[in-house]
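Notes to accompany the following structure.
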Number of protein chains: 2
Amino acid sequence: MRLTKHRQEILDTLDKSEEALSAANIHSALPHINLVTIYRSLEYFVKAGEIKKLHLDGQEAQFEIQHEPHHHAICNECNKVIHFTVNDTELIKEFSLPGFDIENIEITLRGICNQKHSSKT
Amino acid sequence: MRLTKHRQEILDTLDKSEEALSAANIHSALPHINLVTIYRSLEYFVKAGEIKKLHLDGQEAQFEIQHEPHHHAICNECNKVIHFTVNDTELIKEFSLPGFDIENIEITLRGICNQKHSSKT
DNA sequence: TAATAAATGCAAATTATTTGCATACTATCA
DNA sequence: TGATAGTATGCAAATAATTTGCATTTATTA
């Protein structure tokens, strides 16, 4: 398995990005790389555990580097995705399900961010 | 002219189901209803706030009735989805993001459920 | 350098979902 | 009751996101 130029670029793009990116987003940033290659590379990184695939909403999957585990807050108006962290291990203690061994917690907050939103949709 | 026979059936199917269902799932249960109608009805119910659309994983969206707000635990082995409830209002108090007004919280736990899983994938 | 294996691009296929349009239904009103 | 209006439905086709097949290129290693 190789870390080729293309894959480096894709990883760099995700690394530099504040937000999670879709395959199409990455393709806009790196138009010289074929979209198919981007899909394949992303899948490759997901399997390698280097990035995470999110199905936040809508139809496109989003990808992001797991710099450190974190959660998401999504604005109901503008769909902006904000990252935040909490102490997951502490938090998990508050949950316990009979017959379920919790390995990981994902929190998604929904609400309104403080940007000017023109109109409700 | 809102709650038609077809829509009743779709709602009933979701109501009876233990799990969240995809449009295709519902269509299998109600093959006499056109898939397009199912999509349209689901969208209609989502807008009406009667059901919730989930993008848990994979490519298909899942729909479920919001009997009461709850969260999901997903088994990493068998993808079974377990529902659980917590006191959301209490929980939300533990989170606060500058510049973000939280309206809702969604928690997804991942882990292993206590069913016999034959082999890791 | 030759041999091997993986990576890439292109075109086409697949899957999930949506749209356009004609028809059918249902409630209301004259 | 019959006309009218507005929505619901089905069918076919369109779209969007993603995947696959296959030929070609590139990298890796003996």
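Identifiers in this document derive from the order of the structure tokens: chains are assigned A, B, ..., residues are numbered from 1 separately in each chain, and ligands are numbered from 1 in order of occurrence.
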
- Write down, as JSON, numbers by chain, each residue of chain D that has any atom within 12 Å of an atom of chain B, counting only C-alpha atoms (C1' of nucleotides). {"D": [6, 7, 8, 9, 10, 11, 12, 17, 18]}

- Message: Could you work out which residues of chain C fall inside 12 Å of chain B? Count only C-alpha atoms (C1' of nucleotides), and format the result as a ChimeraX atom specification.
- Response: /C:15-19,25-28

Restrict the selected residues to N, CA and C atoms (P, O5', C5', C4', C3', O3' and C1' of nucleotides) and save them as a PDB file, in the first residue's frame.
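What follows is the written file again_24.pdb:
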ATOM      1  P    DT C  15     -27.285  -2.218  -8.019  1.00  0.00           P
ATOM      2  O5'  DT C  15     -27.494  -0.928  -7.100  1.00  0.00           O
ATOM      3  C5'  DT C  15     -26.386  -0.376  -6.415  1.00  0.00           C
ATOM      4  C4'  DT C  15     -26.849   0.808  -5.600  1.00  0.00           C
ATOM      5  C3'  DT C  15     -28.298   0.701  -5.113  1.00  0.00           C
ATOM      6  O3'  DT C  15     -28.331   1.096  -3.754  1.00  0.00           O
ATOM      7  C1'  DT C  15     -28.014   2.687  -6.355  1.00  0.00           C
ATOM      8  P    DA C  16     -29.729   1.079  -2.929  1.00  0.00           P
ATOM      9  O5'  DA C  16     -30.046   2.623  -2.805  1.00  0.00           O
ATOM     10  C5'  DA C  16     -29.124   3.468  -2.152  1.00  0.00           C
ATOM     11  C4'  DA C  16     -29.590   4.897  -2.278  1.00  0.00           C
ATOM     12  C3'  DA C  16     -31.027   5.127  -1.785  1.00  0.00           C
ATOM     13  O3'  DA C  16     -31.012   6.234  -0.905  1.00  0.00           O
ATOM     14  C1'  DA C  16     -30.755   5.963  -4.002  1.00  0.00           C
ATOM     15  P    DT C  17     -32.383   6.750  -0.279  1.00  0.00           P
ATOM     16  O5'  DT C  17     -32.819   7.817  -1.370  1.00  0.00           O
ATOM     17  C5'  DT C  17     -31.919   8.866  -1.660  1.00  0.00           C
ATOM     18  C4'  DT C  17     -32.481   9.737  -2.760  1.00  0.00           C
ATOM     19  C3'  DT C  17     -33.900  10.260  -2.490  1.00  0.00           C
ATOM     20  O3'  DT C  17     -33.802  11.671  -2.348  1.00  0.00           O
ATOM     21  C1'  DT C  17     -33.610   9.561  -4.739  1.00  0.00           C
ATOM     22  P    DT C  18     -35.087  12.561  -2.220  1.00  0.00           P
ATOM     23  O5'  DT C  18     -35.306  13.055  -3.725  1.00  0.00           O
ATOM     24  C5'  DT C  18     -34.209  13.586  -4.434  1.00  0.00           C
ATOM     25  C4'  DT C  18     -34.673  14.092  -5.793  1.00  0.00           C
ATOM     26  C3'  DT C  18     -35.953  14.923  -5.741  1.00  0.00           C
ATOM     27  O3'  DT C  18     -35.696  16.113  -6.465  1.00  0.00           O
ATOM     28  C1'  DT C  18     -36.163  13.172  -7.335  1.00  0.00           C
ATOM     29  P    DT C  19     -36.786  17.252  -6.633  1.00  0.00           P
ATOM     30  O5'  DT C  19     -37.310  17.097  -8.126  1.00  0.00           O
ATOM     31  C5'  DT C  19     -36.419  16.712  -9.137  1.00  0.00           C
ATOM     32  C4'  DT C  19     -37.147  16.676 -10.473  1.00  0.00           C
ATOM     33  C3'  DT C  19     -38.393  17.542 -10.558  1.00  0.00           C
ATOM     34  O3'  DT C  19     -38.390  18.191 -11.817  1.00  0.00           O
ATOM     35  C1'  DT C  19     -38.942  15.295 -11.038  1.00  0.00           C
ATOM     36  P    DC C  25     -59.372   6.107  -8.747  1.00  0.00           P
ATOM     37  O5'  DC C  25     -59.492   7.030  -7.463  1.00  0.00           O
ATOM     38  C5'  DC C  25     -58.308   7.224  -6.701  1.00  0.00           C
ATOM     39  C4'  DC C  25     -58.438   8.436  -5.815  1.00  0.00           C
ATOM     40  C3'  DC C  25     -59.742   8.540  -5.035  1.00  0.00           C
ATOM     41  O3'  DC C  25     -59.391   8.388  -3.677  1.00  0.00           O
ATOM     42  C1'  DC C  25     -59.076  10.641  -5.961  1.00  0.00           C
ATOM     43  P    DT C  26     -60.520   8.146  -2.542  1.00  0.00           P
ATOM     44  O5'  DT C  26     -60.823   9.619  -2.020  1.00  0.00           O
ATOM     45  C5'  DT C  26     -59.737  10.432  -1.607  1.00  0.00           C
ATOM     46  C4'  DT C  26     -60.258  11.799  -1.224  1.00  0.00           C
ATOM     47  C3'  DT C  26     -61.647  11.776  -0.588  1.00  0.00           C
ATOM     48  O3'  DT C  26     -61.607  12.627   0.537  1.00  0.00           O
ATOM     49  C1'  DT C  26     -61.615  13.268  -2.415  1.00  0.00           C
ATOM     50  P    DA C  27     -62.790  12.621   1.619  1.00  0.00           P
ATOM     51  O5'  DA C  27     -63.059  14.178   1.705  1.00  0.00           O
ATOM     52  C5'  DA C  27     -61.942  15.056   1.845  1.00  0.00           C
ATOM     53  C4'  DA C  27     -62.380  16.451   1.453  1.00  0.00           C
ATOM     54  C3'  DA C  27     -63.726  16.847   2.059  1.00  0.00           C
ATOM     55  O3'  DA C  27     -63.582  18.106   2.695  1.00  0.00           O
ATOM     56  C1'  DA C  27     -63.731  17.178  -0.299  1.00  0.00           C
ATOM     57  P    DT C  28     -64.855  18.795   3.397  1.00  0.00           P
ATOM     58  O5'  DT C  28     -65.238  19.881   2.284  1.00  0.00           O
ATOM     59  C5'  DT C  28     -64.204  20.670   1.700  1.00  0.00           C
ATOM     60  C4'  DT C  28     -64.807  21.635   0.695  1.00  0.00           C
ATOM     61  C3'  DT C  28     -66.139  22.229   1.159  1.00  0.00           C
ATOM     62  O3'  DT C  28     -66.165  23.607   0.827  1.00  0.00           O
ATOM     63  C1'  DT C  28     -66.414  21.179  -0.940  1.00  0.00           C
TER      64       DT C  28
END

Using DSSP assignments from the backbone, pull out every residue in chain B that falls under strand (DSSP E or B) and give it to me as a PDB file with N, CA and C atoms, in the first residue's frame.
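Dumped to part-v8.pdb:
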ATOM      1  N   LEU B  21     -36.609   1.960   9.214  1.00  0.00           N
ATOM      2  CA  LEU B  21     -36.747   1.326   7.910  1.00  0.00           C
ATOM      3  C   LEU B  21     -36.346   2.279   6.798  1.00  0.00           C
ATOM      4  N   SER B  22     -35.808   1.721   5.754  1.00  0.00           N
ATOM      5  CA  SER B  22     -35.520   2.519   4.565  1.00  0.00           C
ATOM      6  C   SER B  22     -36.747   2.533   3.664  1.00  0.00           C
ATOM      7  N   ILE B  51     -42.182  11.730  11.594  1.00  0.00           N
ATOM      8  CA  ILE B  51     -41.125  10.733  11.577  1.00  0.00           C
ATOM      9  C   ILE B  51     -39.782  11.432  11.430  1.00  0.00           C
ATOM     10  N   LYS B  52     -38.751  10.668  11.644  1.00  0.00           N
ATOM     11  CA  LYS B  52     -37.424  11.239  11.609  1.00  0.00           C
ATOM     12  C   LYS B  52     -36.593  10.505  10.568  1.00  0.00           C
ATOM     13  N   LYS B  53     -35.789  11.252   9.871  1.00  0.00           N
ATOM     14  CA  LYS B  53     -34.932  10.666   8.847  1.00  0.00           C
ATOM     15  C   LYS B  53     -33.540  10.517   9.433  1.00  0.00           C
ATOM     16  N   LEU B  54     -33.001   9.335   9.353  1.00  0.00           N
ATOM     17  CA  LEU B  54     -31.680   9.072   9.922  1.00  0.00           C
ATOM     18  C   LEU B  54     -30.687   8.747   8.825  1.00  0.00           C
ATOM     19  N   GLN B  62     -32.684   6.048   6.623  1.00  0.00           N
ATOM     20  CA  GLN B  62     -33.635   5.251   7.391  1.00  0.00           C
ATOM     21  C   GLN B  62     -34.672   6.193   7.990  1.00  0.00           C
ATOM     22  N   PHE B  63     -35.867   5.661   8.163  1.00  0.00           N
ATOM     23  CA  PHE B  63     -36.932   6.482   8.734  1.00  0.00           C
ATOM     24  C   PHE B  63     -37.522   5.775   9.938  1.00  0.00           C
ATOM     25  N   GLU B  64     -37.919   6.562  10.912  1.00  0.00           N
ATOM     26  CA  GLU B  64     -38.563   5.952  12.064  1.00  0.00           C
ATOM     27  C   GLU B  64     -39.516   6.940  12.696  1.00  0.00           C
ATOM     28  N   ILE B  65     -40.521   6.387  13.315  1.00  0.00           N
ATOM     29  CA  ILE B  65     -41.487   7.209  14.021  1.00  0.00           C
ATOM     30  C   ILE B  65     -40.857   7.705  15.308  1.00  0.00           C
ATOM     31  N   HIS B  71     -32.246   7.876  21.387  1.00  0.00           N
ATOM     32  CA  HIS B  71     -30.951   7.838  20.723  1.00  0.00           C
ATOM     33  C   HIS B  71     -30.664   6.426  20.234  1.00  0.00           C
ATOM     34  N   HIS B  72     -29.514   6.275  19.611  1.00  0.00           N
ATOM     35  CA  HIS B  72     -29.227   4.986  18.980  1.00  0.00           C
ATOM     36  C   HIS B  72     -27.897   4.410  19.420  1.00  0.00           C
ATOM     37  N   ALA B  73     -27.912   3.118  19.588  1.00  0.00           N
ATOM     38  CA  ALA B  73     -26.661   2.393  19.796  1.00  0.00           C
ATOM     39  C   ALA B  73     -26.567   1.395  18.646  1.00  0.00           C
ATOM     40  N   ILE B  74     -25.449   1.432  17.967  1.00  0.00           N
ATOM     41  CA  ILE B  74     -25.295   0.579  16.795  1.00  0.00           C
ATOM     42  C   ILE B  74     -24.199  -0.437  17.035  1.00  0.00           C
ATOM     43  N   CYS B  75     -24.515  -1.682  16.779  1.00  0.00           N
ATOM     44  CA  CYS B  75     -23.526  -2.744  16.980  1.00  0.00           C
ATOM     45  C   CYS B  75     -22.529  -2.748  15.817  1.00  0.00           C
ATOM     46  N   VAL B  81     -29.541  -1.899  15.499  1.00  0.00           N
ATOM     47  CA  VAL B  81     -29.746  -0.572  16.077  1.00  0.00           C
ATOM     48  C   VAL B  81     -30.623  -0.690  17.316  1.00  0.00           C
ATOM     49  N   ILE B  82     -30.097  -0.264  18.431  1.00  0.00           N
ATOM     50  CA  ILE B  82     -30.826  -0.306  19.688  1.00  0.00           C
ATOM     51  C   ILE B  82     -31.234   1.117  20.056  1.00  0.00           C
ATOM     52  N   HIS B  83     -32.442   1.261  20.545  1.00  0.00           N
ATOM     53  CA  HIS B  83     -32.908   2.580  20.970  1.00  0.00           C
ATOM     54  C   HIS B  83     -32.755   2.737  22.469  1.00  0.00           C
ATOM     55  N   PHE B  84     -32.452   3.921  22.894  1.00  0.00           N
ATOM     56  CA  PHE B  84     -32.472   4.186  24.333  1.00  0.00           C
ATOM     57  C   PHE B  84     -32.816   5.643  24.564  1.00  0.00           C
ATOM     58  N   LEU B  97     -21.668  25.573  23.611  1.00  0.00           N
ATOM     59  CA  LEU B  97     -20.747  26.025  22.582  1.00  0.00           C
ATOM     60  C   LEU B  97     -20.954  27.516  22.400  1.00  0.00           C
ATOM     61  N   PHE B 100     -23.421  29.115  19.581  1.00  0.00           N
ATOM     62  CA  PHE B 100     -24.283  28.069  19.026  1.00  0.00           C
ATOM     63  C   PHE B 100     -25.410  27.804  20.016  1.00  0.00           C
ATOM     64  N   ASP B 101     -26.595  27.881  19.506  1.00  0.00           N
ATOM     65  CA  ASP B 101     -27.778  27.712  20.335  1.00  0.00           C
ATOM     66  C   ASP B 101     -28.328  26.299  20.118  1.00  0.00           C
ATOM     67  N   ILE B 102     -28.113  25.438  21.086  1.00  0.00           N
ATOM     68  CA  ILE B 102     -28.465  24.031  20.928  1.00  0.00           C
ATOM     69  C   ILE B 102     -29.967  23.810  21.026  1.00  0.00           C
ATOM     70  N   GLU B 103     -30.494  23.159  20.043  1.00  0.00           N
ATOM     71  CA  GLU B 103     -31.931  22.868  20.070  1.00  0.00           C
ATOM     72  C   GLU B 103     -32.186  21.399  20.341  1.00  0.00           C
ATOM     73  N   ASN B 104     -31.216  20.604  20.009  1.00  0.00           N
ATOM     74  CA  ASN B 104     -31.470  19.176  19.985  1.00  0.00           C
ATOM     75  C   ASN B 104     -30.156  18.418  20.075  1.00  0.00           C
ATOM     76  N   ILE B 105     -30.213  17.241  20.681  1.00  0.00           N
ATOM     77  CA  ILE B 105     -28.987  16.441  20.775  1.00  0.00           C
ATOM     78  C   ILE B 105     -29.250  15.034  20.254  1.00  0.00           C
ATOM     79  N   GLU B 106     -28.314  14.536  19.507  1.00  0.00           N
ATOM     80  CA  GLU B 106     -28.425  13.167  19.001  1.00  0.00           C
ATOM     81  C   GLU B 106     -27.181  12.407  19.407  1.00  0.00           C
ATOM     82  N   ILE B 107     -27.391  11.295  20.054  1.00  0.00           N
ATOM     83  CA  ILE B 107     -26.252  10.504  20.494  1.00  0.00           C
ATOM     84  C   ILE B 107     -26.250   9.179  19.759  1.00  0.00           C
ATOM     85  N   THR B 108     -25.114   8.819  19.274  1.00  0.00           N
ATOM     86  CA  THR B 108     -24.958   7.493  18.678  1.00  0.00           C
ATOM     87  C   THR B 108     -23.827   6.783  19.391  1.00  0.00           C
ATOM     88  N   LEU B 109     -24.185   5.681  20.013  1.00  0.00           N
ATOM     89  CA  LEU B 109     -23.161   4.864  20.650  1.00  0.00           C
ATOM     90  C   LEU B 109     -22.783   3.762  19.682  1.00  0.00           C
ATOM     91  N   ARG B 110     -21.517   3.430  19.663  1.00  0.00           N
ATOM     92  CA  ARG B 110     -21.090   2.291  18.851  1.00  0.00           C
ATOM     93  C   ARG B 110     -20.405   1.306  19.774  1.00  0.00           C
ATOM     94  N   GLY B 111     -20.620   0.064  19.475  1.00  0.00           N
ATOM     95  CA  GLY B 111     -20.013  -0.952  20.317  1.00  0.00           C
ATOM     96  C   GLY B 111     -20.459  -2.328  19.885  1.00  0.00           C
ATOM     97  N   ILE B 112     -20.514  -3.221  20.839  1.00  0.00           N
ATOM     98  CA  ILE B 112     -20.852  -4.595  20.513  1.00  0.00           C
ATOM     99  C   ILE B 112     -22.057  -5.007  21.342  1.00  0.00           C
ATOM    100  N   CYS B 113     -23.050  -5.566  20.669  1.00  0.00           N
ATOM    101  CA  CYS B 113     -24.202  -6.037  21.408  1.00  0.00           C
ATOM    102  C   CYS B 113     -23.971  -7.481  21.823  1.00  0.00           C
TER     103      CYS B 113
END

- chain B on chain A, all Cα pairs in order, RMSD: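 The C-alpha RMSD comes out at 0.6 Å.
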
Do you know which residues are at most 12 Å from DA23 (chain D) counting only C-alpha atoms (C1' of nucleotides), after dropping those on the same chain fewer than 6 positions away, and could you put them as a PDB file with N, CA and C atoms (P, O5', C5', C4', C3', O3' and C1' of nucleotides), in the first residue's frame?
ATOM      1  P    DT C   8      -3.301   6.852  -6.854  1.00  0.00           P
ATOM      2  O5'  DT C   8      -3.816   6.854  -8.352  1.00  0.00           O
ATOM      3  C5'  DT C   8      -2.926   7.314  -9.372  1.00  0.00           C
ATOM      4  C4'  DT C   8      -3.597   7.239 -10.725  1.00  0.00           C
ATOM      5  C3'  DT C   8      -4.914   8.018 -10.834  1.00  0.00           C
ATOM      6  O3'  DT C   8      -4.693   9.127 -11.677  1.00  0.00           O
ATOM      7  C1'  DT C   8      -5.018   5.863 -11.887  1.00  0.00           C
ATOM      8  P    DG C   9      -5.826  10.200 -11.901  1.00  0.00           P
ATOM      9  O5'  DG C   9      -6.491   9.630 -13.239  1.00  0.00           O
ATOM     10  C5'  DG C   9      -5.661   9.462 -14.390  1.00  0.00           C
ATOM     11  C4'  DG C   9      -6.501   8.975 -15.561  1.00  0.00           C
ATOM     12  C3'  DG C   9      -7.809   9.741 -15.762  1.00  0.00           C
ATOM     13  O3'  DG C   9      -7.962   9.933 -17.158  1.00  0.00           O
ATOM     14  C1'  DG C   9      -8.265   7.430 -15.483  1.00  0.00           C
ATOM     15  P    DC C  10      -8.888  11.058 -17.736  1.00  0.00           P
ATOM     16  O5'  DC C  10      -9.992  10.191 -18.486  1.00  0.00           O
ATOM     17  C5'  DC C  10      -9.570   9.248 -19.484  1.00  0.00           C
ATOM     18  C4'  DC C  10     -10.658   8.215 -19.704  1.00  0.00           C
ATOM     19  C3'  DC C  10     -12.066   8.806 -19.779  1.00  0.00           C
ATOM     20  O3'  DC C  10     -12.585   8.588 -21.076  1.00  0.00           O
ATOM     21  C1'  DC C  10     -11.993   6.816 -18.472  1.00  0.00           C
ATOM     22  P    DA C  11     -14.023   9.175 -21.497  1.00  0.00           P
ATOM     23  O5'  DA C  11     -14.895   7.846 -21.429  1.00  0.00           O
ATOM     24  C5'  DA C  11     -14.349   6.622 -21.912  1.00  0.00           C
ATOM     25  C4'  DA C  11     -15.325   5.506 -21.620  1.00  0.00           C
ATOM     26  C3'  DA C  11     -16.787   5.922 -21.781  1.00  0.00           C
ATOM     27  O3'  DA C  11     -17.487   4.874 -22.432  1.00  0.00           O
ATOM     28  C1'  DA C  11     -16.421   5.145 -19.575  1.00  0.00           C
TER      29       DA C  11
END

- Could you pull out all residues of chain B with a DSSP call of alpha helix (DSSP H) and give them as a PyMOL selection string? chain B and resi 5-16+23-29+35-48+88-93
